[in-house]
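Working notes for the structure below.
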Amino acid sequence: MSEPGLRIVDLHCRVAGKEILKGIDLAVEPGKVHALMGPNGSGKSTLAFSLTGHPQYEITQGSARLDGEDLLALAPDKRARAGLFLSFQYPAAIPGIKVANFLHAARQAVRPGDLAPAKFRALLMEKMDVLGMDPSFMGRYLNDGFSGGEKKRLEMLQLAVLAPKYAVLDETDSGLDVDALKDVCDSLTALRAGDEGRGAGFLIITHYPRILQYITPDVVHVMIDGRIVMTGGHDLADRIEREGYDTIREEIAAIA
Amino acid sequence: MLKTPDSVAGEELRERLSAFDDDAFTGERRSLALERFFTTPSGRQRPGPYWKIDIETLSPSPPSIAKASGSVLIDNSNARLIACDLATAAREHPALLGRALGATRVQATKFGALATAFQNAGVFVYVPADAATDEPVVITYNAPDGASLFPYTIVLAERGARATVVERLEGGAEAFVCGATEIVTGEGAEITYAGCQQLAASARVVQTRAALPGRDASVAWACAELGAGLTITDLSVAIERPGAEARITALFFPKGSQHVDVVSTVDHVVGESTSQTIVKSAAVDDGQARYLGNIRIAPRAQGSDASLRDDALLLSARAHIDSVPALEIGANDVKAFHGATVGALDADQIFYMETRGIERNAAERMIALGFFEPAIAHFPTDALRAVIRTALAAKFS
């Protein structure tokens, strides 16, 4: 039996011929919350897309395992069924597909046949309530004409409904006002306290420490130029809040 | 260059026509129409080099033409409406029928003339003044295998009338169907006419449909071309009274070797009128289609507001859809919008769905079917929308 966790070892990734990830080592254990921080362009989103199998992200070296399963050998849909979820920074709008139908198809794909339609509806209503979403959301086309905040709430609703083993949240906090951020964090807290979400591991990608005031990370990583350059506890997030990334850059440069 | 069927075939068609003469369509009307069919060009350019069929020489095989051919079912639960076959209408309501029959441009077109010449099935729907109905009149034409069917549907709506007509066209292995539809309305009437064509894949069908709305009236065509090997459709609304509104919705999805050619035309002859045209199409396998969307705003049609939206989805490398919006605007104080897209499925949309555990094939099917939804929404009744969704979904099997 291999070690549980989302385990990334020496991961290198190329996008449009350019190496973006230059050897990432990171392990998110079940039930733990990891924050991945870093300035714009450091490769955080690239890591998220590499893990989920975006066709334009070419893995050139390294491995990624989910509870022992080789993620990189799987198609994107099979990675989701293995228990991986990505909350998109910019989710796609798909006119013509209603939110309710999409959520049902996704739940059926990830957890086949586990809920009768009536129970599924009840589950949706409960999760939407936590997120402060109006039931009329269900009849709208997927992300079509949604505001930035509505898109993020819908990503969180999907996370709550699919209850994955490991979730990567790519800048879920960006563009949210305080009320929306609080709803999103309440939903995360509720998911982690519930039966389906207990034991899930989280990788929260952000460049602002704001979200970490609501969700306390067990581990904080700092990524700069395609590498994780520093790993620590919550105090590392506090330091970034105070000093930004410049002093970390200087420190790294001094060591090198 | 004008091409007609060769003289032998032409003679055979004339011979066939000699048996046709009845109250609704006299022998004289029919003969004149057949000659017009011979001498009138279709007005359609060949869609493109990929297109395998010559529209100008398209013609029924004479032996397949019979006086009594095919069946028509009329389902009408509205006591105030008249919905009957054309022979009955000619006997019992000749004055009403006379007001609408031939009032539009249908009989002046090549295939509208052919439909007039051999009309062998037909329905007349009359909606009296201020009658409003919730339940649609459903007309089902069934084409027998190998036969030629010429269905002719006429809708006359008086002032302030409101009604919905659904036409289903079914059956017809190896059949030739040439149909005509005319809608004529009084002031402020609202008529929705939905056509759902699900003929056998070996059938050929040509439809000519034209409407003439009254002042402040509204006419909506909604056509789903789902079956038949060859589909040629001509949808038009002539706005000759101010305040009128035209809505045209068309969807089609050629699969296998299906060919579809749809032309829609809104003529804003007078101003203060609006029109909205929405076309959604997809093609897979060797499916071929052309859509030509005409919007014409006459010099005196000031204050016209016309929009045309046409989106096409190519689901295989050999599939082909040509999309040609054609706007002729003669007035200066008008609003006219047109937008057209032709493309493949969006890779970001597919990836997004895959990350939710949905298999690629299923994701593609869901996205493609969703693409049609804005057009499906314009069709009346849950039942008809369900039929259309099921038929579209079957294109993926």
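Chain identifiers are assigned as A, B, and so on, following the order in which chains appear in the structure tokens; residues are numbered from 1 within each chain, and ligands are numbered from 1 in order of appearance.
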Any idea which chain A residues end up within 10 Å of chain B if we count only C-alpha atoms, as a PyMOL selection string please?
-> chain A and resi 49+52-55+75-88+91-98+101-103+105-111+141+158-159+162
For Pro217 of chain A, list every protein, DNA or RNA residue within 10 Å, evaluated using only C-alpha atoms, and leave out those in the same chain fewer than 6 positions away; present the list as an mmCIF file with C-alpha atoms, in the first residue's frame.
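Okay, this is what ended up in part.cif:
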```cif
data_model
loop_
_atom_site.group_PDB
_atom_site.id
_atom_site.type_symbol
_atom_site.label_atom_id
_atom_site.label_comp_id
_atom_site.auth_asym_id
_atom_site.auth_seq_id
_atom_site.Cartn_x
_atom_site.Cartn_y
_atom_site.Cartn_z
ATOM 1 C CA LYS A 32 -4.574 18.949 5.564
ATOM 2 C CA VAL A 33 -4.750 22.423 4.115
ATOM 3 C CA HIS A 34 -1.750 23.660 2.150
ATOM 4 C CA ALA A 35 -1.456 27.201 0.862
ATOM 5 C CA LEU A 36 0.579 27.840 -2.266
ATOM 6 C CA PHE A 202 -6.687 21.136 0.037
ATOM 7 C CA LEU A 203 -4.138 23.057 -1.971
ATOM 8 C CA ILE A 204 -5.176 26.699 -1.867
ATOM 9 C CA ILE A 211 -8.354 33.923 2.475
ATOM 10 C CA GLY A 233 3.666 27.459 8.826
ATOM 11 C CA HIS A 234 1.077 30.182 9.048
ATOM 12 C CA ALA A 237 1.784 33.888 5.268
#
```
Considering only C-alpha atoms, return as an MDAnalysis selection string whatever protein or nucleic-acid residues lie within 12 Å of Pro299 of chain B, sequence-local ones (same chain, fewer than 6 positions apart) excluded.
-> chainID B and resid 267:271 328:334
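Among the candidate residues B:Thr341, B:Thr133, B:Thr140, B:Thr40, the one lying nearest to Val72 of chain B is B:Thr140, with distances computed using only C-alpha atoms.
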What lies within 8 Å of segment 124-136 of chain A using only C-alpha atoms, ignoring chain neighbours under 3 positions off, as a compact mmCIF listing (two decimals) with N, CA and C atoms, in the first residue's frame?
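Written file, selection_12.txt:
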```
# COMPACT_ATOMS: atom_id res chain seq x y z
N PHE A 120 -30.65 14.22 -4.38
CA PHE A 120 -29.66 15.09 -5.01
C PHE A 120 -30.13 16.54 -4.94
N ARG A 121 -31.42 16.76 -5.24
CA ARG A 121 -31.96 18.13 -5.16
C ARG A 121 -31.81 18.68 -3.75
N GLY A 139 -31.41 26.99 -12.91
CA GLY A 139 -31.98 27.06 -14.25
C GLY A 139 -31.15 27.90 -15.21
N ARG A 140 -30.07 28.48 -14.71
CA ARG A 140 -29.25 29.32 -15.60
C ARG A 140 -28.24 28.46 -16.35
N ARG A 153 -18.67 31.29 -6.66
CA ARG A 153 -19.63 30.56 -5.82
C ARG A 153 -20.01 29.23 -6.47
N MET A 156 -17.37 26.73 -5.97
CA MET A 156 -17.43 26.19 -4.60
C MET A 156 -18.61 25.24 -4.42
N LEU A 157 -19.70 25.54 -5.13
CA LEU A 157 -20.85 24.64 -5.07
C LEU A 157 -20.47 23.28 -5.67
N ALA A 160 -18.44 21.40 -3.26
CA ALA A 160 -19.25 20.84 -2.17
C ALA A 160 -20.05 19.64 -2.64
N VAL A 161 -20.55 19.70 -3.89
CA VAL A 161 -21.41 18.62 -4.40
C VAL A 161 -20.57 17.39 -4.78
N ASP A 183 -18.71 33.68 2.52
CA ASP A 183 -19.59 32.58 2.09
C ASP A 183 -18.77 31.40 1.57
N VAL A 184 -17.76 31.72 0.75
CA VAL A 184 -16.92 30.68 0.17
C VAL A 184 -16.20 29.90 1.28
N ASP A 186 -17.12 29.70 4.46
CA ASP A 186 -18.12 28.93 5.22
C ASP A 186 -18.41 27.60 4.54
N SER A 187 -18.50 27.66 3.19
CA SER A 187 -18.79 26.44 2.44
C SER A 187 -17.66 25.43 2.60
```
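Using only C-alpha atoms, the smallest distance between any of A:Gly201, A:Asp114, A:Thr206, A:Ser147 and Arg7 of chain A comes from A:Gly201.
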Distance query Gly226 of chain A at most 8 Å, only C-alpha atoms, self and fewer than 3 positions along chain excluded, as a VMD selection string = chain A and resid 20 to 24 42 to 44 223
Close residues, Val165 of chain B itself excluded, 9 Å, only C-alpha atoms, min 5 positions apart in chain, as a PyMOL selection string | chain B and resi 125+135-139+155+191-195+380
Write the residues you've just listed into a file as a PDB file, in the first residue's frame, and include N, CA and C atoms for each of them.
```pdb
ATOM      1  N   VAL B 125     -56.205  26.290 -41.808  1.00  0.00           N
ATOM      2  CA  VAL B 125     -56.456  26.660 -40.408  1.00  0.00           C
ATOM      3  C   VAL B 125     -56.965  28.095 -40.412  1.00  0.00           C
ATOM      4  N   GLU B 135     -53.656  25.593 -26.711  1.00  0.00           N
ATOM      5  CA  GLU B 135     -53.210  24.325 -27.289  1.00  0.00           C
ATOM      6  C   GLU B 135     -52.924  24.520 -28.775  1.00  0.00           C
ATOM      7  N   PRO B 136     -51.792  24.043 -29.263  1.00  0.00           N
ATOM      8  CA  PRO B 136     -51.517  24.202 -30.694  1.00  0.00           C
ATOM      9  C   PRO B 136     -52.374  23.278 -31.551  1.00  0.00           C
ATOM     10  N   VAL B 137     -52.573  23.686 -32.790  1.00  0.00           N
ATOM     11  CA  VAL B 137     -53.117  22.771 -33.790  1.00  0.00           C
ATOM     12  C   VAL B 137     -51.935  21.950 -34.280  1.00  0.00           C
ATOM     13  N   VAL B 138     -52.062  20.629 -34.227  1.00  0.00           N
ATOM     14  CA  VAL B 138     -50.950  19.785 -34.672  1.00  0.00           C
ATOM     15  C   VAL B 138     -51.333  19.080 -35.964  1.00  0.00           C
ATOM     16  N   ILE B 139     -50.557  19.314 -36.988  1.00  0.00           N
ATOM     17  CA  ILE B 139     -50.799  18.697 -38.299  1.00  0.00           C
ATOM     18  C   ILE B 139     -49.673  17.709 -38.551  1.00  0.00           C
ATOM     19  N   VAL B 155     -52.740  29.139 -43.367  1.00  0.00           N
ATOM     20  CA  VAL B 155     -53.232  29.666 -42.095  1.00  0.00           C
ATOM     21  C   VAL B 155     -53.750  31.080 -42.338  1.00  0.00           C
ATOM     22  N   ILE B 191     -49.120  34.645 -34.724  1.00  0.00           N
ATOM     23  CA  ILE B 191     -49.115  33.249 -35.189  1.00  0.00           C
ATOM     24  C   ILE B 191     -47.705  32.675 -35.078  1.00  0.00           C
ATOM     25  N   THR B 192     -47.633  31.525 -34.436  1.00  0.00           N
ATOM     26  CA  THR B 192     -46.380  30.768 -34.403  1.00  0.00           C
ATOM     27  C   THR B 192     -46.589  29.497 -35.208  1.00  0.00           C
ATOM     28  N   TYR B 193     -45.684  29.237 -36.136  1.00  0.00           N
ATOM     29  CA  TYR B 193     -45.782  28.027 -36.953  1.00  0.00           C
ATOM     30  C   TYR B 193     -44.473  27.258 -36.819  1.00  0.00           C
ATOM     31  N   ALA B 194     -44.565  26.074 -36.252  1.00  0.00           N
ATOM     32  CA  ALA B 194     -43.355  25.274 -36.041  1.00  0.00           C
ATOM     33  C   ALA B 194     -43.374  24.060 -36.953  1.00  0.00           C
ATOM     34  N   GLY B 195     -42.299  23.826 -37.670  1.00  0.00           N
ATOM     35  CA  GLY B 195     -42.188  22.653 -38.522  1.00  0.00           C
ATOM     36  C   GLY B 195     -41.118  21.724 -37.976  1.00  0.00           C
ATOM     37  N   PRO B 380     -42.570  25.889 -29.822  1.00  0.00           N
ATOM     38  CA  PRO B 380     -43.665  25.783 -28.866  1.00  0.00           C
ATOM     39  C   PRO B 380     -43.757  24.384 -28.246  1.00  0.00           C
TER      40      PRO B 380
END
```
From atom CA of Val205 of chain B to atom CA of Thr231 of chain B the spacing works out at 5.0 Å
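From atom CA of Arg14 of chain A back to atom CA of Glu251 of chain A, the distance works out to 26.9 Å.
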